[in-house]
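Everything on this sheet refers to the single structure shown next.
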Amino acid sequence: MKHLFTILLLCSLSTTSILAQNYKQEFEKLCEQGDTAKQKKLLEKWEKSRPNDAELYIAYFNFYVSRSKTEIVTKVSHPDADTKPKAKKQTGYTSEIGYRADPLGKGFKYINAGIAKYPDRLDMRFGKVYMLGETYKYAALTQELVNVLNYSTTIQNKWKWTDNKLLDKPEDFMLSAIQEYVATIYNSGKSQADNMKEIAETVLKYYPKHVESLSDLGIVYTMKGDLNMALRYFLKATAIEPKDFIVLNNIANIYNKKKDTTNAVKYYEQALKFGDTEAKELAGKELKRLARKPAATNTAAKAKTTAPAKKSAATSTNKKAPKKKS
């Protein structure tokens, strides 16, 4: 009798799992078809049948994100259209993507509920982070990444992704994805320096030798105009990873701004040695310029700090491979 009960239980669990997968697959098919009416009906049916299915929360989130999306297409004339007759016929189009607050707000409610029930689902968390970035809510994005880092220690980095499958190398995956979001914040301008700082400091709280975050702090202090603090963090980073040409380039730029040509040349030469094609080209140009100037002259005051390195995006709530949300 006990053996029979076990068999029945296993059959029940198997049937439930298949049912959940069928809902998910059918929803994905309807998304490809763009049939929102059928998507909504399926979600309601799915919710009645499997209200605690983690994939249901993700499906609802994606549904409302898609419903909220807007696109404004603008016709753009050729810049010489007013002066050159042939140019008048050469026009193009630009598009601007936006999101309406009401449907998107419903999506956030579902993904928040999903995260509360399944806090170890990193795809849910990064799906939310991605949309916070798309809607320029960088303070909320920062707090969400801090939450990820804090919770990661609680579960010893045992993160799950789609269908509750454990991630391979979850620590590397998480840190690489966070670095991608830091790069997104950086591209928004100097106003986001404090958000970058909070994320980098939280990473270093748990991973004190994380080179990218040490470099990010160097960039933050460069943005704030504190060159001494910037140099301090860049030098810490290069002590850990001497061949990181992004860090080497940033150190060279800082020394240039400090009018220390000797050290600027030293680190540009290192960037030239270890850099990729683009880095070698930039370092070579700076070295040629410095060679033509007296040692005490600040020859690259306009040299830009290299942005945080992008390693891999993690912006989808429904795909293992980190890529743009569908």
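Note on naming: chains are A, B, ... as they come in the structure tokens, residues start from 1 per chain, ligands start from 1 in the order shown.
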
Problem set entry | segment 270-287 of chain A surroundings by only C-alpha atoms, 9 Å radius, close-in-sequence under 4 positions cut, as a PyMOL selection string | chain A and resi 242-249+252+264-266+291-292+299-300+303

Generate the output file for the selected residues, N, CA, C and O atoms, as a PDB file, in the first residue's frame.
```pdb
ATOM      1  N   PRO A 242      47.491  42.842 -12.856  1.00  0.00           N
ATOM      2  CA  PRO A 242      48.427  43.755 -13.523  1.00  0.00           C
ATOM      3  C   PRO A 242      48.226  43.898 -15.029  1.00  0.00           C
ATOM      4  O   PRO A 242      48.717  44.873 -15.613  1.00  0.00           O
ATOM      5  N   LYS A 243      47.517  42.970 -15.660  1.00  0.00           N
ATOM      6  CA  LYS A 243      47.351  43.003 -17.111  1.00  0.00           C
ATOM      7  C   LYS A 243      45.999  43.563 -17.556  1.00  0.00           C
ATOM      8  O   LYS A 243      45.673  43.504 -18.740  1.00  0.00           O
ATOM      9  N   ASP A 244      45.227  44.089 -16.628  1.00  0.00           N
ATOM     10  CA  ASP A 244      43.922  44.670 -16.991  1.00  0.00           C
ATOM     11  C   ASP A 244      44.167  46.010 -17.673  1.00  0.00           C
ATOM     12  O   ASP A 244      44.424  47.024 -17.023  1.00  0.00           O
ATOM     13  N   PHE A 245      44.059  46.027 -18.999  1.00  0.00           N
ATOM     14  CA  PHE A 245      44.445  47.226 -19.751  1.00  0.00           C
ATOM     15  C   PHE A 245      43.467  48.374 -19.571  1.00  0.00           C
ATOM     16  O   PHE A 245      43.830  49.533 -19.773  1.00  0.00           O
ATOM     17  N   ILE A 246      42.221  48.091 -19.194  1.00  0.00           N
ATOM     18  CA  ILE A 246      41.280  49.173 -18.912  1.00  0.00           C
ATOM     19  C   ILE A 246      41.752  49.959 -17.694  1.00  0.00           C
ATOM     20  O   ILE A 246      41.771  51.191 -17.686  1.00  0.00           O
ATOM     21  N   VAL A 247      42.130  49.235 -16.660  1.00  0.00           N
ATOM     22  CA  VAL A 247      42.642  49.885 -15.452  1.00  0.00           C
ATOM     23  C   VAL A 247      43.946  50.614 -15.758  1.00  0.00           C
ATOM     24  O   VAL A 247      44.153  51.760 -15.321  1.00  0.00           O
ATOM     25  N   LEU A 248      44.835  49.984 -16.507  1.00  0.00           N
ATOM     26  CA  LEU A 248      46.111  50.602 -16.856  1.00  0.00           C
ATOM     27  C   LEU A 248      45.909  51.907 -17.614  1.00  0.00           C
ATOM     28  O   LEU A 248      46.592  52.908 -17.359  1.00  0.00           O
ATOM     29  N   ASN A 249      44.976  51.908 -18.537  1.00  0.00           N
ATOM     30  CA  ASN A 249      44.676  53.112 -19.304  1.00  0.00           C
ATOM     31  C   ASN A 249      44.149  54.214 -18.395  1.00  0.00           C
ATOM     32  O   ASN A 249      44.522  55.390 -18.525  1.00  0.00           O
ATOM     33  N   ALA A 252      46.957  55.737 -16.407  1.00  0.00           N
ATOM     34  CA  ALA A 252      47.733  56.636 -17.268  1.00  0.00           C
ATOM     35  C   ALA A 252      47.020  57.971 -17.444  1.00  0.00           C
ATOM     36  O   ALA A 252      47.634  59.040 -17.376  1.00  0.00           O
ATOM     37  N   ALA A 264      52.594  58.593 -16.505  1.00  0.00           N
ATOM     38  CA  ALA A 264      51.609  58.450 -17.580  1.00  0.00           C
ATOM     39  C   ALA A 264      52.187  57.591 -18.696  1.00  0.00           C
ATOM     40  O   ALA A 264      51.531  56.663 -19.183  1.00  0.00           O
ATOM     41  N   VAL A 265      53.421  57.878 -19.081  1.00  0.00           N
ATOM     42  CA  VAL A 265      54.093  57.084 -20.123  1.00  0.00           C
ATOM     43  C   VAL A 265      54.228  55.632 -19.678  1.00  0.00           C
ATOM     44  O   VAL A 265      53.971  54.695 -20.449  1.00  0.00           O
ATOM     45  N   LYS A 266      54.609  55.435 -18.435  1.00  0.00           N
ATOM     46  CA  LYS A 266      54.792  54.081 -17.895  1.00  0.00           C
ATOM     47  C   LYS A 266      53.519  53.240 -18.050  1.00  0.00           C
ATOM     48  O   LYS A 266      53.572  52.087 -18.519  1.00  0.00           O
ATOM     49  N   ALA A 291      55.503  62.171 -26.324  1.00  0.00           N
ATOM     50  CA  ALA A 291      56.900  62.207 -26.771  1.00  0.00           C
ATOM     51  C   ALA A 291      57.270  63.546 -27.392  1.00  0.00           C
ATOM     52  O   ALA A 291      58.444  63.916 -27.433  1.00  0.00           O
ATOM     53  N   ARG A 292      56.264  64.296 -27.848  1.00  0.00           N
ATOM     54  CA  ARG A 292      56.518  65.581 -28.489  1.00  0.00           C
ATOM     55  C   ARG A 292      56.461  66.744 -27.516  1.00  0.00           C
ATOM     56  O   ARG A 292      56.642  67.897 -27.901  1.00  0.00           O
ATOM     57  N   THR A 299      49.644  66.921 -21.180  1.00  0.00           N
ATOM     58  CA  THR A 299      49.367  66.796 -22.608  1.00  0.00           C
ATOM     59  C   THR A 299      48.075  66.077 -22.930  1.00  0.00           C
ATOM     60  O   THR A 299      47.729  65.927 -24.078  1.00  0.00           O
ATOM     61  N   ALA A 300      47.384  65.585 -21.934  1.00  0.00           N
ATOM     62  CA  ALA A 300      46.154  64.845 -22.229  1.00  0.00           C
ATOM     63  C   ALA A 300      45.094  65.179 -21.212  1.00  0.00           C
ATOM     64  O   ALA A 300      44.445  64.316 -20.658  1.00  0.00           O
ATOM     65  N   ALA A 303      41.810  63.621 -21.854  1.00  0.00           N
ATOM     66  CA  ALA A 303      41.694  62.166 -21.974  1.00  0.00           C
ATOM     67  C   ALA A 303      40.549  61.659 -21.122  1.00  0.00           C
ATOM     68  O   ALA A 303      40.394  62.047 -19.975  1.00  0.00           O
TER      69      ALA A 303
END
```

Problem set entry | From A:Ala140, A:Phe234, A:Asn263, A:Thr36, residue lying nearest Asn250 of chain A [only C-alpha atoms] |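 Among A:Ala140, A:Phe234, A:Asn263, A:Thr36, it is A:Phe234 that comes nearest to Asn250 of chain A.
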
For this session: May I have the residues within 9 Å of Asp163 of chain A as a PyMOL selection string, using only C-alpha atoms and disregarding those fewer than 4 positions away in the same chain?
Result: chain A and resi 21+54-55

Exercise. In Å to one decimal, how far is atom CA of Lys190 of chain A from atom CA of Thr262 of chain A?
Worked result: 29.1 Å

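Between atom CA of Leu104 of chain A and atom CA of Thr135 of chain A the separation is 9.9 Å.
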
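Proximity to segment 62-69 of chain A at 10 Å, evaluated using only C-alpha atoms and with sequence-adjacent residues fewer than 6 positions away removed, yields Phe27, Cys31, Gly34, Thr36, Gln39, Lys40, Leu43, Leu56, Ile97, Gly98, Tyr99, Arg100, Ala101, Asp102, Pro103, Leu104, Gly105, Lys106, Gly107, Phe108, Tyr110, Ile111, Gly127, Met131, Ser316, Thr317, Asn318, Lys325 and Ser326 of chain A.
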
Problem set entry | Residue contacts of Glu198 of chain A (10 Å, only C-alpha atoms) excluding same-chain residues fewer than 2 positions away, as a list in words |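 So, after excluding close chain neighbours, the residues are Thr142, Gln143, Leu145, Val146, Ala193, Asp194, Asn195, Met196, Ala200, Glu201, Thr202, Val203, Leu204 and Leu217 of chain A.
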
Exercise. Quick one, how far is atom CA of Lys24 of chain A from atom CA of Tyr181 of chain A?
Worked result: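 If I compute the distance from atom CA of Lys24 of chain A to atom CA of Tyr181 of chain A, I get 27.9 Å.
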
Problem set entry | Near-Arg232 of chain A list (12 Å; only C-alpha atoms; drop same-chain fewer than 3 positions) as a PyMOL selection string | chain A and resi 214-222+226-229+235-239+247+250-251+254-255
